[in-house]
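A.B. asks: Right, I'll just put the structure down here and ask away after.
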Amino acid sequence: MTKFLDLGTINLRQRQAFHDALDRVLDSGWYVLGQEVESFEREFAALCGARHCVGVGNGLDALILVLRAWGIGPGDEVIVPANTYIATWLAVTHTGATPVPVEPTAGGYNLDPALLRPAITARTRAILPVHLYGEPADMDPIMAIAKAHGLKVLEDAAQAHGARRQGRRVGTLGDAAGFSFYPGKNLGALGDGGAVTTDDDALADRLRTLRNYGSRLKYHNEVAGFNSRLDELQAAFLRAKLPLLDGDNAHRREIAGCYLDGLRGLPGLELPAAAAGTEPVWHLFVVRHARRDALAARLAAAGIGTMIHYPVAPHLQPAYAHLGLAAGRFPRSEALHAQVLSLPIGPTQDLAQTREVIAVLRRACTELDAAA
């Protein structure tokens, strides 16, 4: 049996390091916004190449707090990918602003910069591209368009820890970036956690105030803030895992390369293709097939775990029915959500397991093609 993602095996590699981290926190007697958070913020900022890292409660809060810090709210619009996890849209909604979807590139998964300009209105305040599945979005034209229109750019880097585009790490490609440390991420905590990276001194200062009830000095509140602070214990766990990130990502690239070599040319199967100049971290390895559900069933029968990221496009979720974005409005995204299937990939998956997935998938695709 090949699990989709074996979190138990991944984290048991560092059992002793986690116990040591727990002991440090217990010995310190300090559990919120202490030395572990400060140290992790410094270390993660250094990895990304950013001036600042601000730890927060989770990845959604990271996006919300940046938008709030920029003063975005009711009456404003924020451009988002039509094809993404709903959290990207929720961040906009929770400020009171309106998400404006833009389709992905033809044959790709990330936002298409060529479709940005028609989506910009007098109410547009920011663009929120997602580095979906661990592949950096095409940030150069996005940044150029944003600069021409006076817009902010917030990277949703929740799935792309350590990824690079043109040699630069995500987290430094926009005005700010939001990260999630949910356990299944490439850099995952043992619970929820998130962070913002930025080179903007004023923004980082405001975020540190907003995350802590709007307070710099205890019981003195400058603004109506939030309680969204990266926990000391999770920061300690993340510090233990951070040195493994680049090596784990390199192993994910090896698995992805094995999939690409072994699955090329199969009938009905579309493989992901990384854009030139990018170094994806393969948070997910996502293929497409018109008979996705039948394909997943055959893999499950062979003991191979898969997942669908994501089965329903955000504009078709009941949560966004009020926007009136009917089915058929975003055909590229809707096709993706109907066809995508995520194959097993992770830092402890070995190549023998990967070859087994390939063999089963090759057989399944051939059978489905013959039955068509």
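Note on naming: chains are A, B, ... as they come in the structure tokens, residues start from 1 per chain, ligands start from 1 in the order shown.
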Need to verify the contact set: Arg24 of chain A, 12 Å, only C-alpha atoms, exclusion of same-chain residues closer than 3 positions in sequence. Can you return it as a list in words?
C.D. replies: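 My reading of the contact set: Ala17, Phe18, His19, Asp20, Ala21, Asp27, Ser28, Gly29, Trp30, Tyr31, Gly34, Gln35, Glu36, Glu232, Leu233, Ala235, Ala236, Phe237, Arg239 and Ala240 of chain A.
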A.B. asks: Neighbouring residues of segment 216-224 of chain A were defined as those with any atom within 12 Å, considering only C-alpha atoms; residues of the same chain fewer than 2 positions away were excluded. Please report them as a count of residues only.
C.D. replies: 16
A.B. asks: Can you pull out every residue within 12 Å of Pro141 of chain A, counting only C-alpha atoms, but drop anything in the same chain fewer than 3 positions away, and send it as a ChimeraX atom specification?
C.D. replies: /A:111-117,127,129,137-138,144-148,153,173-174
A.B. asks: Using DSSP assignments from the backbone, pull out every residue in segment 37-133 of chain A that falls under strand (DSSP E or B) and give it to me as a ChimeraX atom specification.
C.D. replies: /A:52-56,77-81,98-102,104,111,124-127,130
A.B. asks: Write out as a list in words the residues lying within 6 Å of Gly346 of chain A, counting only C-alpha atoms and excluding same-chain residues fewer than 2 positions away.
C.D. replies: Arg252, Thr348 and Gln349 of chain A
A.B. asks: Taking only C-alpha atoms into account, name the residue in A:Pro136, A:Pro101, A:Gly277, A:Pro318 that is nearest to Thr172 of chain A.
C.D. replies: A:Pro136
A.B. asks: So which residues touch Ala372 of chain A within 12 Å, counting only C-alpha atoms, skipping near sequence neighbours fewer than 5 positions away, as a list of chain:residue names?
C.D. replies: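 Contacts, in chain order: A:Pro267, A:Gly268, A:Ala290, A:Arg291, A:Ala294, A:Cys365, A:Thr366, A:Glu367.
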A.B. asks: Find the residues near Ala163 of chain A: any atom within 6 Å, counting only C-alpha atoms, skip ones fewer than 3 places away on the same chain, and give them as a list in words.
C.D. replies: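 Returned residues: Ala160, Arg169, Val170, Glu279, Pro280 and Val281 of chain A.
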A.B. asks: Save out the residues we just selected, N, CA and C atoms, as a PDB file, in the first residue's frame.
C.D. replies:
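What ended up in again.pdb:
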```pdb
ATOM      1  N   ALA A 160       4.295  26.420  -1.308  1.00  0.00           N
ATOM      2  CA  ALA A 160       5.522  26.572  -2.102  1.00  0.00           C
ATOM      3  C   ALA A 160       6.766  26.907  -1.283  1.00  0.00           C
ATOM      4  N   ARG A 169      13.663  32.984  -4.220  1.00  0.00           N
ATOM      5  CA  ARG A 169      12.675  32.198  -3.497  1.00  0.00           C
ATOM      6  C   ARG A 169      11.318  32.896  -3.507  1.00  0.00           C
ATOM      7  N   VAL A 170      10.260  32.089  -3.537  1.00  0.00           N
ATOM      8  CA  VAL A 170       8.941  32.669  -3.299  1.00  0.00           C
ATOM      9  C   VAL A 170       8.958  33.251  -1.886  1.00  0.00           C
ATOM     10  N   GLU A 279      11.754  26.576 -10.238  1.00  0.00           N
ATOM     11  CA  GLU A 279      12.191  25.399  -9.496  1.00  0.00           C
ATOM     12  C   GLU A 279      11.066  25.046  -8.539  1.00  0.00           C
ATOM     13  N   PRO A 280      10.082  24.264  -9.019  1.00  0.00           N
ATOM     14  CA  PRO A 280       8.952  23.895  -8.157  1.00  0.00           C
ATOM     15  C   PRO A 280       9.408  23.016  -6.993  1.00  0.00           C
ATOM     16  N   VAL A 281       8.588  22.980  -5.951  1.00  0.00           N
ATOM     17  CA  VAL A 281       8.892  22.096  -4.822  1.00  0.00           C
ATOM     18  C   VAL A 281       7.895  20.950  -4.736  1.00  0.00           C
TER      19      VAL A 281
END
```
A.B. asks: How many Å lie between atom CA of Ile304 of chain A and atom CA of Thr354 of chain A, rounded to one decimal?
C.D. replies: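 Computing the Euclidean distance for atom CA of Ile304 of chain A and atom CA of Thr354 of chain A yields 10.1 Å.
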A.B. asks: How many Å lie between atom CA of Asp246 of chain A and atom CA of Gly303 of chain A, rounded to one decimal?
C.D. replies: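 Here the two named atoms are 29.3 Å from each other.
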